file coords03.pdb (PDB, C-alpha atoms)
ATOM      1  CA  MET A 109       6.715  44.378   5.033
ATOM      2  CA  GLU A 110       7.102  40.642   5.751
ATOM      3  CA  ILE A 111       4.813  39.650   2.872
ATOM      4  CA  GLU A 112       6.560  41.932   0.397
ATOM      5  CA  MET A 113       9.987  40.649   1.438
ATOM      6  CA  ALA A 114       8.862  37.034   1.004
ATOM      7  CA  ARG A 115       7.406  37.784  -2.411
ATOM      8  CA  LYS A 116      10.647  39.458  -3.543
ATOM      9  CA  LEU A 117      12.650  36.462  -2.371
ATOM     10  CA  TRP A 118      10.366  34.109  -4.290
ATOM     11  CA  LEU A 119      10.754  36.256  -7.428
ATOM     12  CA  ASN A 120      14.555  36.326  -6.975
ATOM     13  CA  GLU A 121      14.457  40.098  -6.697
ATOM     14  CA  ILE A 122      16.557  39.870  -3.530
ATOM     15  CA  THR A 123      19.113  37.359  -2.311
ATOM     16  CA  GLU A 124      18.654  35.074   0.654
ATOM     17  CA  LYS A 125      21.205  37.128   2.587
ATOM     18  CA  GLU A 126      19.348  40.340   1.878
ATOM     19  CA  PHE A 127      16.114  38.717   2.968
ATOM     20  CA  ILE A 128      17.606  37.323   6.183
ATOM     21  CA  ASP A 129      19.232  40.644   7.094
ATOM     22  CA  VAL A 130      15.916  42.462   6.911
ATOM     23  CA  PHE A 131      13.368  39.792   7.835
ATOM     24  CA  PHE A 132      15.326  38.096  10.611
ATOM     25  CA  GLN A 133      17.058  41.017  12.261
ATOM     26  CA  ASN A 134      18.109  38.830  15.214
ATOM     27  CA  GLY A 135      18.995  35.736  13.182
ATOM     28  CA  ILE A 136      16.842  33.043  11.598
ATOM     29  CA  ASP A 137      14.095  32.270  14.096
ATOM     30  CA  SER A 138      11.494  29.510  13.661
ATOM     31  CA  GLU A 139       9.362  30.808  16.525
ATOM     32  CA  TYR A 140       9.185  34.259  14.959
ATOM     33  CA  VAL A 141       7.735  32.850  11.726
ATOM     34  CA  LEU A 142       5.354  30.676  13.752
ATOM     35  CA  LYS A 143       4.131  33.809  15.546
ATOM     36  CA  LEU A 144       3.540  35.558  12.213
ATOM     37  CA  LEU A 145       1.730  32.508  10.806
ATOM     38  CA  TYR A 146      -0.485  32.234  13.871
ATOM     39  CA  GLY A 147      -1.282  35.944  13.618
ATOM     40  CA  ALA A 148      -2.224  35.507   9.957
ATOM     41  CA  TYR A 149      -4.528  32.641  10.900
ATOM     42  CA  LYS A 150      -6.274  34.686  13.604
ATOM     43  CA  ILE A 151      -7.131  37.531  11.223
ATOM     44  CA  GLN A 152      -7.735  35.192   8.243
ATOM     45  CA  ASP A 153      -5.090  36.877   6.085
ATOM     46  CA  VAL A 154      -4.842  34.652   3.001
ATOM     47  CA  GLU A 155      -1.701  36.256   1.594
ATOM     48  CA  ALA A 156       0.120  36.288   4.926
ATOM     49  CA  VAL A 157      -0.637  32.589   5.437
ATOM     50  CA  ARG A 158       0.680  31.766   1.980
ATOM     51  CA  TRP A 159       3.929  33.688   2.366
ATOM     52  CA  MET A 160       4.701  32.674   5.943
ATOM     53  CA  LEU A 161       4.304  29.043   4.900
ATOM     54  CA  TYR A 162       6.726  29.783   2.059
ATOM     55  CA  VAL A 163       9.303  31.324   4.416
ATOM     56  CA  ALA A 164       9.015  28.449   6.891
ATOM     57  CA  SER A 165       9.496  25.942   4.074
ATOM     58  CA  LYS A 166      12.287  27.884   2.371
ATOM     59  CA  PHE A 167      14.393  27.982   5.519
ATOM     60  CA  ASP A 168      13.332  24.587   6.856
ATOM     61  CA  LEU A 169      11.753  26.077   9.978
ATOM     62  CA  PHE A 170       8.797  23.721  10.457
ATOM     63  CA  THR A 171       8.817  21.853  13.763
ATOM     64  CA  LEU A 172       6.165  20.065  15.772
ATOM     65  CA  ASN A 173       5.462  23.426  17.436
ATOM     66  CA  TYR A 174       3.675  24.359  14.207
ATOM     67  CA  THR A 175       1.231  21.454  14.475
ATOM     68  CA  LYS A 176      -1.610  23.316  16.181
ATOM     69  CA  VAL A 177      -1.758  26.192  13.722
ATOM     70  CA  LEU A 178      -1.256  23.890  10.722
ATOM     71  CA  CYS A 179      -4.150  21.683  11.851
ATOM     72  CA  SER A 180      -6.348  24.743  12.360
ATOM     73  CA  LEU A 181      -5.413  26.003   8.911
ATOM     74  CA  ILE A 182      -6.014  22.745   7.076
ATOM     75  CA  GLU A 183      -9.505  22.556   8.564
ATOM     76  CA  ALA A 184     -10.273  26.176   7.586
ATOM     77  CA  ASP A 185     -11.883  26.996   4.239
ATOM     78  CA  TRP A 186     -10.953  30.668   3.696
ATOM     79  CA  HIS A 187      -7.412  30.287   2.272
ATOM     80  CA  LYS A 188      -5.772  28.399  -0.611
ATOM     81  CA  SER A 189      -2.789  26.678   1.010
ATOM     82  CA  HIS A 190      -4.327  23.342   1.981
ATOM     83  CA  GLU A 191      -2.108  21.145  -0.187
ATOM     84  CA  ASP A 192       1.083  22.782   1.107
ATOM     85  CA  ILE A 193      -0.120  22.265   4.680
ATOM     86  CA  ALA A 194      -1.035  18.632   4.036
ATOM     87  CA  PHE A 195       2.437  18.068   2.596
ATOM     88  CA  THR A 196       4.070  19.696   5.621
ATOM     89  CA  LEU A 197       2.025  17.671   8.112
ATOM     90  CA  SER A 198       2.933  14.548   6.147
ATOM     91  CA  LYS A 199       6.619  15.366   6.707
ATOM     92  CA  LEU A 200       6.242  16.338  10.373
ATOM     93  CA  LYS A 201       4.101  13.250  11.164
ATOM     94  CA  PRO A 202       2.513  14.665  14.342
ATOM     95  CA  LEU A 203       0.265  12.155  16.109
ATOM     96  CA  ASN A 204      -2.265  14.860  16.968
ATOM     97  CA  ALA A 205      -2.803  15.795  13.304
ATOM     98  CA  VAL A 206      -4.729  12.620  12.417
ATOM     99  CA  GLU A 207      -8.237  14.032  12.873
ATOM    100  CA  SER A 208      -7.451  17.224  10.950
ATOM    101  CA  LEU A 209      -5.939  15.323   8.024
ATOM    102  CA  TYR A 210      -8.914  12.968   7.977
ATOM    103  CA  LYS A 211     -11.402  15.862   7.925
ATOM    104  CA  ALA A 212      -9.449  17.578   5.143
ATOM    105  CA  VAL A 213      -9.876  14.521   2.903
ATOM    106  CA  PHE A 214     -13.537  15.512   2.578
ATOM    107  CA  HIS A 215     -12.990  19.233   2.049
ATOM    108  CA  GLU A 216     -15.179  20.714  -0.682
ATOM    109  CA  LEU A 217     -13.260  23.856  -1.566
ATOM    110  CA  GLU A 218     -14.390  26.084  -4.390
ATOM    111  CA  TYR A 219     -10.857  26.817  -5.567
ATOM    112  CA  LEU A 220     -10.224  23.068  -5.983
ATOM    113  CA  ASN A 221     -13.431  22.272  -7.865
ATOM    114  CA  TYR A 222     -11.400  21.750 -11.046
ATOM    115  CA  ASP A 223      -9.275  18.998  -9.508
ATOM    116  CA  ASP A 224     -10.671  15.626 -10.543
ATOM    117  CA  ASN A 225      -7.557  13.934  -9.145
ATOM    118  CA  PHE A 226      -8.386  14.946  -5.568
ATOM    119  CA  ALA A 227      -4.800  15.994  -4.922
ATOM    120  CA  LEU A 228      -5.582  17.412  -1.479
ATOM    121  CA  ALA A 229      -7.311  14.221  -0.372
ATOM    122  CA  VAL A 230      -4.412  12.130  -1.673
ATOM    123  CA  LYS A 231      -1.832  14.244   0.192
ATOM    124  CA  CYS A 232      -3.876  13.921   3.389
ATOM    125  CA  ILE A 233      -4.052  10.148   2.940
ATOM    126  CA  TRP A 234      -0.282  10.013   2.493
ATOM    127  CA  GLY A 235       0.010  12.055   5.660
ATOM    128  CA  LEU A 236      -2.117   9.545   7.561
ATOM    129  CA  GLY A 237       0.070   6.768   6.200
ATOM    130  CA  ASN A 238       3.260   8.554   7.246
ATOM    131  CA  ILE A 239       1.973   9.094  10.776
ATOM    132  CA  ASN A 240       1.315   5.344  10.982
ATOM    133  CA  SER A 241      -0.361   5.317  14.391
ATOM    134  CA  PRO A 242      -3.249   3.064  15.481
ATOM    135  CA  ASP A 243      -5.576   6.039  15.035
ATOM    136  CA  SER A 244      -4.309   6.916  11.551
ATOM    137  CA  ILE A 245      -4.507   3.269  10.462
ATOM    138  CA  GLU A 246      -8.161   3.152  11.545
ATOM    139  CA  LYS A 247      -8.826   6.291   9.502
ATOM    140  CA  LEU A 248      -7.164   4.676   6.484
ATOM    141  CA  LYS A 249      -9.300   1.566   6.916
ATOM    142  CA  SER A 250     -12.381   3.767   6.924
ATOM    143  CA  LEU A 251     -11.206   5.613   3.809
ATOM    144  CA  SER A 252     -10.465   2.304   2.055
ATOM    145  CA  LYS A 253     -14.249   1.741   1.992
ATOM    146  CA  SER A 254     -14.947   5.084   0.302
ATOM    147  CA  THR A 255     -17.198   5.207  -2.764
ATOM    148  CA  ASN A 256     -14.647   7.612  -4.278
ATOM    149  CA  GLU A 257     -12.266   5.351  -6.186
ATOM    150  CA  ILE A 258      -9.268   7.691  -5.880
ATOM    151  CA  ILE A 259      -9.667   8.004  -2.113
ATOM    152  CA  LYS A 260     -10.324   4.280  -1.778
ATOM    153  CA  SER A 261      -7.344   3.154  -3.866
ATOM    154  CA  ASN A 262      -4.895   5.530  -2.167
ATOM    155  CA  ALA A 263      -6.036   4.488   1.301
ATOM    156  CA  MET A 264      -5.670   0.817   0.363
ATOM    157  CA  GLU A 265      -2.215   1.488  -1.051
ATOM    158  CA  GLN A 266      -1.142   3.070   2.239
ATOM    159  CA  LEU A 267      -2.486   0.110   4.204
ATOM    160  CA  GLU A 268      -0.707  -2.321   1.907
ATOM    161  CA  MET A 269       2.561  -0.391   2.221
ATOM    162  CA  HIS A 270       2.330  -0.884   5.976
ATOM    163  CA  GLY A 271       1.763  -4.605   5.524
ATOM    164  CA  LEU A 272      -1.927  -4.574   6.423
ATOM    165  CA  PHE A 273      -4.411  -6.917   4.790
ATOM    166  CA  THR A 274      -7.192  -4.989   3.059
ATOM    167  CA  GLU A 275     -10.711  -5.845   1.916
ATOM    168  CA  ARG A 276      -9.620  -5.241  -1.668
ATOM    169  CA  GLN A 277      -6.897  -7.877  -1.321
ATOM    170  CA  SER A 278      -9.490 -10.271   0.068
ATOM    171  CA  GLU A 279     -11.684  -9.649  -2.994
ATOM    172  CA  LEU A 280      -8.731 -10.257  -5.306
ATOM    173  CA  ILE A 281      -7.998 -13.612  -3.673
ATOM    174  CA  LEU A 282     -11.586 -14.757  -4.184
ATOM    175  CA  ASN A 283     -11.408 -13.595  -7.810
ATOM    176  CA  LEU A 284      -8.209 -15.587  -8.264
ATOM    177  CA  PHE A 285      -9.835 -18.655  -6.721
ATOM    178  CA  LYS A 286     -12.802 -18.321  -9.094
ATOM    179  CA  ASN A 287     -10.509 -17.801 -12.114
ATOM    180  CA  GLU A 288     -11.983 -14.328 -12.605
ATOM    181  CA  ILE A 289      -8.582 -12.652 -12.699
ATOM    182  CA  SER A 290      -5.300 -13.625 -14.303
ATOM    183  CA  LYS A 291      -2.180 -14.364 -12.268
ATOM    184  CA  GLU A 292      -0.484 -11.345 -13.794
ATOM    185  CA  ASP A 293      -3.333  -8.968 -12.954
ATOM    186  CA  PHE A 294      -3.548 -10.400  -9.442
ATOM    187  CA  ILE A 295       0.157  -9.782  -8.809
ATOM    188  CA  GLU A 296      -0.108  -6.217 -10.104
ATOM    189  CA  GLU A 297      -3.080  -5.366  -7.872
ATOM    190  CA  PHE A 298      -2.378  -7.477  -4.784
ATOM    191  CA  TYR A 299       1.183  -6.447  -3.989
ATOM    192  CA  PRO A 300       2.443  -2.948  -3.086
ATOM    193  CA  ASP A 301       4.311  -1.161  -5.884
ATOM    194  CA  TYR A 302       7.742  -2.139  -4.613
ATOM    195  CA  LEU A 303       6.872  -5.854  -4.882
ATOM    196  CA  TYR A 304       5.468  -5.857  -8.455
ATOM    197  CA  THR A 305       8.769  -6.989  -9.886
ATOM    198  CA  ALA A 306      10.241  -8.560  -6.740
ATOM    199  CA  ASP A 307      11.352 -12.175  -6.553
ATOM    200  CA  GLU A 308       9.292 -14.896  -4.889
ATOM    201  CA  PHE A 309      11.312 -14.755  -1.672
ATOM    202  CA  LYS A 310      10.325 -11.138  -1.021
ATOM    203  CA  ARG A 311       6.702 -11.819  -1.919
ATOM    204  CA  SER A 312       6.728 -14.836   0.363
ATOM    205  CA  ASP A 313       7.985 -12.708   3.253
ATOM    206  CA  TYR A 314       5.271 -10.118   2.558
ATOM    207  CA  VAL A 315       2.450 -12.672   2.640
ATOM    208  CA  LEU A 316       3.972 -14.329   5.713
ATOM    209  CA  LYS A 317       3.914 -11.001   7.548
ATOM    210  CA  LEU A 318       0.258 -10.544   6.637
ATOM    211  CA  ILE A 319      -0.505 -14.025   8.006
ATOM    212  CA  TYR A 320       1.263 -13.250  11.278
ATOM    213  CA  ASP A 321      -0.713 -10.009  11.614
ATOM    214  CA  GLU A 322      -4.031 -11.753  10.982
ATOM    215  CA  TYR A 323      -3.016 -14.583  13.340
ATOM    216  CA  ASN A 324      -2.578 -12.019  16.112
ATOM    217  CA  LYS A 325      -6.009 -10.623  15.276
ATOM    218  CA  ARG A 326      -7.472 -14.170  15.263
ATOM    219  CA  ASP A 327      -9.002 -13.637  11.827
ATOM    220  CA  ALA A 328      -9.347 -17.201  10.568
ATOM    221  CA  GLN A 329     -10.874 -16.209   7.232
ATOM    222  CA  ALA A 330      -8.085 -13.806   6.334
ATOM    223  CA  ILE A 331      -5.475 -16.399   7.299
ATOM    224  CA  GLU A 332      -7.014 -19.045   5.043
ATOM    225  CA  TYR A 333      -7.200 -16.590   2.143
ATOM    226  CA  LEU A 334      -3.529 -15.711   2.562
ATOM    227  CA  PHE A 335      -2.511 -19.347   2.808
ATOM    228  CA  TYR A 336      -4.299 -19.898  -0.490
ATOM    229  CA  VAL A 337      -2.155 -17.183  -2.113
ATOM    230  CA  SER A 338       1.040 -18.690  -0.727
ATOM    231  CA  SER A 339      -0.004 -22.160  -1.900
ATOM    232  CA  PHE A 340      -1.174 -21.002  -5.345
ATOM    233  CA  PHE A 341       2.089 -19.187  -6.093
ATOM    234  CA  GLY A 342       4.380 -21.747  -4.472
ATOM    235  CA  LEU A 343       5.519 -19.438  -1.681
ATOM    236  CA  ILE A 344       5.236 -22.027   1.096
ATOM    237  CA  THR A 345       8.246 -22.360   3.379
ATOM    238  CA  ALA A 346       8.839 -24.206   6.652
ATOM    239  CA  GLU A 347       7.687 -21.092   8.496
ATOM    240  CA  TYR A 348       4.302 -21.270   6.771
ATOM    241  CA  MET A 349       3.911 -24.928   7.697
ATOM    242  CA  LYS A 350       4.793 -24.162  11.300
ATOM    243  CA  ILE A 351       2.063 -21.522  11.461
ATOM    244  CA  ALA A 352      -0.458 -23.907   9.902
ATOM    245  CA  SER A 353       0.447 -26.595  12.425
ATOM    246  CA  ASN A 354       0.017 -24.181  15.333
ATOM    247  CA  LEU A 355      -3.155 -22.702  13.925
ATOM    248  CA  ILE A 356      -5.166 -25.914  13.708
ATOM    249  CA  LYS A 357      -4.417 -26.523  17.409
ATOM    250  CA  GLU A 358      -5.779 -23.137  18.461
ATOM    251  CA  GLU A 359      -9.102 -23.327  20.276
ATOM    252  CA  TRP A 360     -10.274 -20.048  18.763
ATOM    253  CA  TYR A 361      -9.573 -21.410  15.272
ATOM    254  CA  GLN A 362     -11.337 -24.706  15.946
ATOM    255  CA  LYS A 363     -14.397 -22.803  17.165
ATOM    256  CA  GLN A 364     -14.358 -20.341  14.288
ATOM    257  CA  GLU A 365     -17.572 -19.391  12.584
ATOM    258  CA  GLU A 366     -18.074 -20.753   9.086
ATOM    259  CA  THR A 367     -15.412 -19.540   6.681
ATOM    260  CA  VAL A 368     -14.769 -19.953   2.975
ATOM    261  CA  SER A 369     -11.974 -22.533   3.016
ATOM    262  CA  LEU A 370      -9.649 -22.203   0.030
ATOM    263  CA  VAL A 371      -6.811 -24.422   1.273
ATOM    264  CA  ASP A 372      -6.519 -27.479   3.540
ATOM    265  CA  LEU A 373      -4.399 -26.272   6.458
ATOM    266  CA  THR A 374      -4.420 -29.713   8.062
ATOM    267  CA  LEU A 375      -2.791 -31.214   4.976
ATOM    268  CA  LEU A 376      -0.377 -28.309   4.738
ATOM    269  CA  SER A 377       0.708 -28.616   8.380
ATOM    270  CA  SER A 378       1.309 -32.347   7.985
ATOM    271  CA  ASN A 379       4.013 -31.622   5.379
ATOM    272  CA  GLN A 380       6.464 -30.284   7.992
TER     273      GLN A 380
END
call {"tool": "encode", "arguments": {"input": "coords03.pdb", "output": "structure tokens"}}
result
Amino acid sequence: MEIEMARKLWLNEITEKEFIDVFFQNGIDSEYVLKLLYGAYKIQDVEAVRWMLYVASKFDLFTLNYTKVLCSLIEADWHKSHEDIAFTLSKLKPLNAVESLYKAVFHELEYLNYDDNFALAVKCIWGLGNINSPDSIEKLKSLSKSTNEIIKSNAMEQLEMHGLFTERQSELILNLFKNEISKEDFIEEFYPDYLYTADEFKRSDYVLKLIYDEYNKRDAQAIEYLFYVSSFFGLITAEYMKIASNLIKEEWYQKQEETVSLVDLTLLSSNQ
């Protein structure tokens, strides 16, 4: 009865009021739909899973209480609702969904064999980015090294959106230094989408944040690369010079292993 009612609602064969009066006899109840969804999962009822997810979405019933069953479902391979579940987990942002979303990136599902755009993997990556926990960031870093270009580029985009310096950005800086990439192409690939057309002040703040993050990690190489970008594009401010001045006094920086130096921080710090 529940499945048929949901299907009729979807087909506009009944109104929302008619659906609610029959389906929710005691008023709209999120826990009731959760119970039905969990029951569908236990007996591996593909249609029931599909339609209970529809009802929960239609009436905005998803809460963190759904996390356990949604994680179990996204890891399962017997239904066809993985993308909807990934989207829902991305909205809920539950910390305990990280492992399930990460595993789902690598799902090889027969019904998605046609999809060369890896839509499920992309939605899972967005979900990891939305959760934005230390664990999810580590998963994104791992995915940013994938041999699958779509997975790799989406993971890097999520890291960049959260202001994290990626290996791809490091490669781009070296290419810029070697004149193997134009300034225009560098800007398009190095900065997150929202900074493509931004002014220099916003780009300067973005690079400065990356430098602060790498300073806290004591990554001397990354810091020097980022200072090169700021110097090359004329983004240097007093705050940059202050960091450079402090950096060359740091014992850990003085004892750094050999790095590829692209900019003279000593000279830069002396310009305060």
call {"tool": "resolve_selection", "arguments": {"input": "coords03.pdb", "expression": "the PyMOL selection byres ((chain A and resi 176) around 10)", "output": "PyMOL selection string"}}
result
chain A and resi 146+172-175+177-181+202+204-205+208
call {"tool": "residues_around", "arguments": {"input": "coords03.pdb", "residues": "region 187-194 of chain A", "least_positions_apart": "4", "cutoff": "12 Å", "atoms": "only C-alpha atoms", "output": "ChimeraX atom specification"}}
result
/A:148-149,151-162,164-165,170,174-183,198-202,205-206,208-213,215-220,223,226-236,238
call {"tool": "residues_around", "arguments": {"input": "coords03.pdb", "residues": "Tyr320 (chain A)", "least_positions_apart": "6", "cutoff": "12 Å", "atoms": "all atoms listed in the file", "output": "PyMOL selection string"}}
result
chain A and resi 271-273+313-314+326-328+330-332+334-335+347-348+350-352+354-355
call {"tool": "closest_residue", "arguments": {"input": "coords03.pdb", "among": "A:His270, A:Met109, A:Asn324, A:Glu275", "to": "Ser250 (chain A)", "atoms": "only C-alpha atoms"}}
result
A:Glu275
call {"tool": "closest_residue", "arguments": {"input": "coords03.pdb", "among": "A:Asp224, A:Lys166, A:Lys286, A:Thr274", "to": "Glu322 (chain A)", "atoms": "only C-alpha atoms"}}
result
A:Thr274
call {"tool": "resolve_selection", "arguments": {"input": "coords03.pdb", "expression": "the PyMOL selection byres ((chain A and resi 126-130) around 12)", "output": "number ranges by chain"}}
result
A: 109-125, 131-137, 163, 166-167
call {"tool": "write_last_selection", "arguments": {"input": "coords03.pdb", "atoms": "C-alpha atoms", "output": "mmCIF file, keeping the file's coordinate frame"}}
result
data_model
loop_
_atom_site.group_PDB
_atom_site.id
_atom_site.type_symbol
_atom_site.label_atom_id
_atom_site.label_comp_id
_atom_site.auth_asym_id
_atom_site.auth_seq_id
_atom_site.Cartn_x
_atom_site.Cartn_y
_atom_site.Cartn_z
ATOM 1 C CA MET A 109 6.715 44.378 5.033
ATOM 2 C CA GLU A 110 7.102 40.642 5.751
ATOM 3 C CA ILE A 111 4.813 39.650 2.872
ATOM 4 C CA GLU A 112 6.560 41.932 0.397
ATOM 5 C CA MET A 113 9.987 40.649 1.438
ATOM 6 C CA ALA A 114 8.862 37.034 1.004
ATOM 7 C CA ARG A 115 7.406 37.784 -2.411
ATOM 8 C CA LYS A 116 10.647 39.458 -3.543
ATOM 9 C CA LEU A 117 12.650 36.462 -2.371
ATOM 10 C CA TRP A 118 10.366 34.109 -4.290
ATOM 11 C CA LEU A 119 10.754 36.256 -7.428
ATOM 12 C CA ASN A 120 14.555 36.326 -6.975
ATOM 13 C CA GLU A 121 14.457 40.098 -6.697
ATOM 14 C CA ILE A 122 16.557 39.870 -3.530
ATOM 15 C CA THR A 123 19.113 37.359 -2.311
ATOM 16 C CA GLU A 124 18.654 35.074 0.654
ATOM 17 C CA LYS A 125 21.205 37.128 2.587
ATOM 18 C CA PHE A 131 13.368 39.792 7.835
ATOM 19 C CA PHE A 132 15.326 38.096 10.611
ATOM 20 C CA GLN A 133 17.058 41.017 12.261
ATOM 21 C CA ASN A 134 18.109 38.830 15.214
ATOM 22 C CA GLY A 135 18.995 35.736 13.182
ATOM 23 C CA ILE A 136 16.842 33.043 11.598
ATOM 24 C CA ASP A 137 14.095 32.270 14.096
ATOM 25 C CA VAL A 163 9.303 31.324 4.416
ATOM 26 C CA LYS A 166 12.287 27.884 2.371
ATOM 27 C CA PHE A 167 14.393 27.982 5.519
#
call {"tool": "closest_residue", "arguments": {"input": "coords03.pdb", "among": "A:Trp360, A:Tyr323, A:Phe309, A:Phe195", "to": "Leu343 (chain A)", "atoms": "only C-alpha atoms"}}
result
A:Phe309
call {"tool": "decode", "arguments": {"input": "coords03.pdb", "residues": "region 340-348 of chain A", "atoms": "all heavy atoms", "output": "mmCIF file, in the first residue's frame"}}
result
data_model
loop_
_atom_site.group_PDB
_atom_site.id
_atom_site.type_symbol
_atom_site.label_atom_id
_atom_site.label_comp_id
_atom_site.auth_asym_id
_atom_site.auth_seq_id
_atom_site.Cartn_x
_atom_site.Cartn_y
_atom_site.Cartn_z
ATOM 1 N N PHE A 340 55.100 36.517 -8.055
ATOM 2 C CA PHE A 340 54.944 36.540 -9.509
ATOM 3 C C PHE A 340 53.761 37.415 -9.922
ATOM 4 O O PHE A 340 53.831 38.159 -10.905
ATOM 5 C CB PHE A 340 54.752 35.106 -10.023
ATOM 6 C CG PHE A 340 54.697 34.989 -11.517
ATOM 7 C CD1 PHE A 340 55.860 34.772 -12.253
ATOM 8 C CD2 PHE A 340 53.492 35.084 -12.198
ATOM 9 C CE1 PHE A 340 55.811 34.658 -13.637
ATOM 10 C CE2 PHE A 340 53.433 34.974 -13.578
ATOM 11 C CZ PHE A 340 54.603 34.760 -14.296
ATOM 12 N N PHE A 341 52.662 37.325 -9.172
ATOM 13 C CA PHE A 341 51.448 38.049 -9.542
ATOM 14 C C PHE A 341 51.279 39.366 -8.777
ATOM 15 O O PHE A 341 50.232 40.006 -8.856
ATOM 16 C CB PHE A 341 50.214 37.165 -9.320
ATOM 17 C CG PHE A 341 50.080 36.061 -10.328
ATOM 18 C CD1 PHE A 341 50.508 34.775 -10.033
ATOM 19 C CD2 PHE A 341 49.541 36.307 -11.577
ATOM 20 C CE1 PHE A 341 50.401 33.753 -10.960
ATOM 21 C CE2 PHE A 341 49.419 35.290 -12.516
ATOM 22 C CZ PHE A 341 49.854 34.005 -12.214
ATOM 23 N N GLY A 342 52.307 39.759 -8.040
ATOM 24 C CA GLY A 342 52.254 41.036 -7.339
ATOM 25 C C GLY A 342 51.215 41.085 -6.235
ATOM 26 O O GLY A 342 50.549 42.101 -6.040
ATOM 27 N N LEU A 343 51.082 39.988 -5.500
ATOM 28 C CA LEU A 343 50.071 39.901 -4.447
ATOM 29 C C LEU A 343 50.635 40.220 -3.064
ATOM 30 O O LEU A 343 49.913 40.192 -2.071
ATOM 31 C CB LEU A 343 49.456 38.493 -4.412
ATOM 32 C CG LEU A 343 48.872 37.963 -5.732
ATOM 33 C CD1 LEU A 343 48.365 36.537 -5.535
ATOM 34 C CD2 LEU A 343 47.753 38.864 -6.241
ATOM 35 N N ILE A 344 51.924 40.523 -3.006
ATOM 36 C CA ILE A 344 52.599 40.715 -1.718
ATOM 37 C C ILE A 344 52.028 41.914 -0.956
ATOM 38 O O ILE A 344 51.858 43.000 -1.505
ATOM 39 C CB ILE A 344 54.115 40.922 -1.928
ATOM 40 C CG1 ILE A 344 54.732 39.697 -2.607
ATOM 41 C CG2 ILE A 344 54.801 41.197 -0.594
ATOM 42 C CD1 ILE A 344 54.711 38.450 -1.772
ATOM 43 N N THR A 345 51.728 41.670 0.309
ATOM 44 C CA THR A 345 51.294 42.736 1.213
ATOM 45 C C THR A 345 52.199 42.702 2.447
ATOM 46 O O THR A 345 53.067 41.823 2.581
ATOM 47 C CB THR A 345 49.840 42.534 1.662
ATOM 48 O OG1 THR A 345 49.761 41.314 2.420
ATOM 49 C CG2 THR A 345 48.904 42.460 0.463
ATOM 50 N N ALA A 346 51.966 43.623 3.365
ATOM 51 C CA ALA A 346 52.764 43.655 4.600
ATOM 52 C C ALA A 346 52.630 42.353 5.381
ATOM 53 O O ALA A 346 53.571 41.908 6.041
ATOM 54 C CB ALA A 346 52.334 44.841 5.465
ATOM 55 N N GLU A 347 51.453 41.737 5.281
ATOM 56 C CA GLU A 347 51.232 40.478 6.009
ATOM 57 C C GLU A 347 52.129 39.370 5.465
ATOM 58 O O GLU A 347 52.668 38.556 6.219
ATOM 59 C CB GLU A 347 49.764 40.066 5.892
ATOM 60 C CG GLU A 347 49.336 38.961 6.837
ATOM 61 C CD GLU A 347 49.354 39.379 8.287
ATOM 62 O OE1 GLU A 347 49.276 40.587 8.564
ATOM 63 O OE2 GLU A 347 49.468 38.492 9.149
ATOM 64 N N TYR A 348 52.330 39.352 4.160
ATOM 65 C CA TYR A 348 53.230 38.373 3.550
ATOM 66 C C TYR A 348 54.663 38.588 4.056
ATOM 67 O O TYR A 348 55.364 37.628 4.397
ATOM 68 C CB TYR A 348 53.225 38.524 2.026
ATOM 69 C CG TYR A 348 52.062 37.877 1.313
ATOM 70 C CD1 TYR A 348 50.861 38.555 1.149
ATOM 71 C CD2 TYR A 348 52.178 36.610 0.762
ATOM 72 C CE1 TYR A 348 49.804 37.984 0.468
ATOM 73 C CE2 TYR A 348 51.130 36.026 0.077
ATOM 74 C CZ TYR A 348 49.943 36.722 -0.067
ATOM 75 O OH TYR A 348 48.897 36.144 -0.741
#
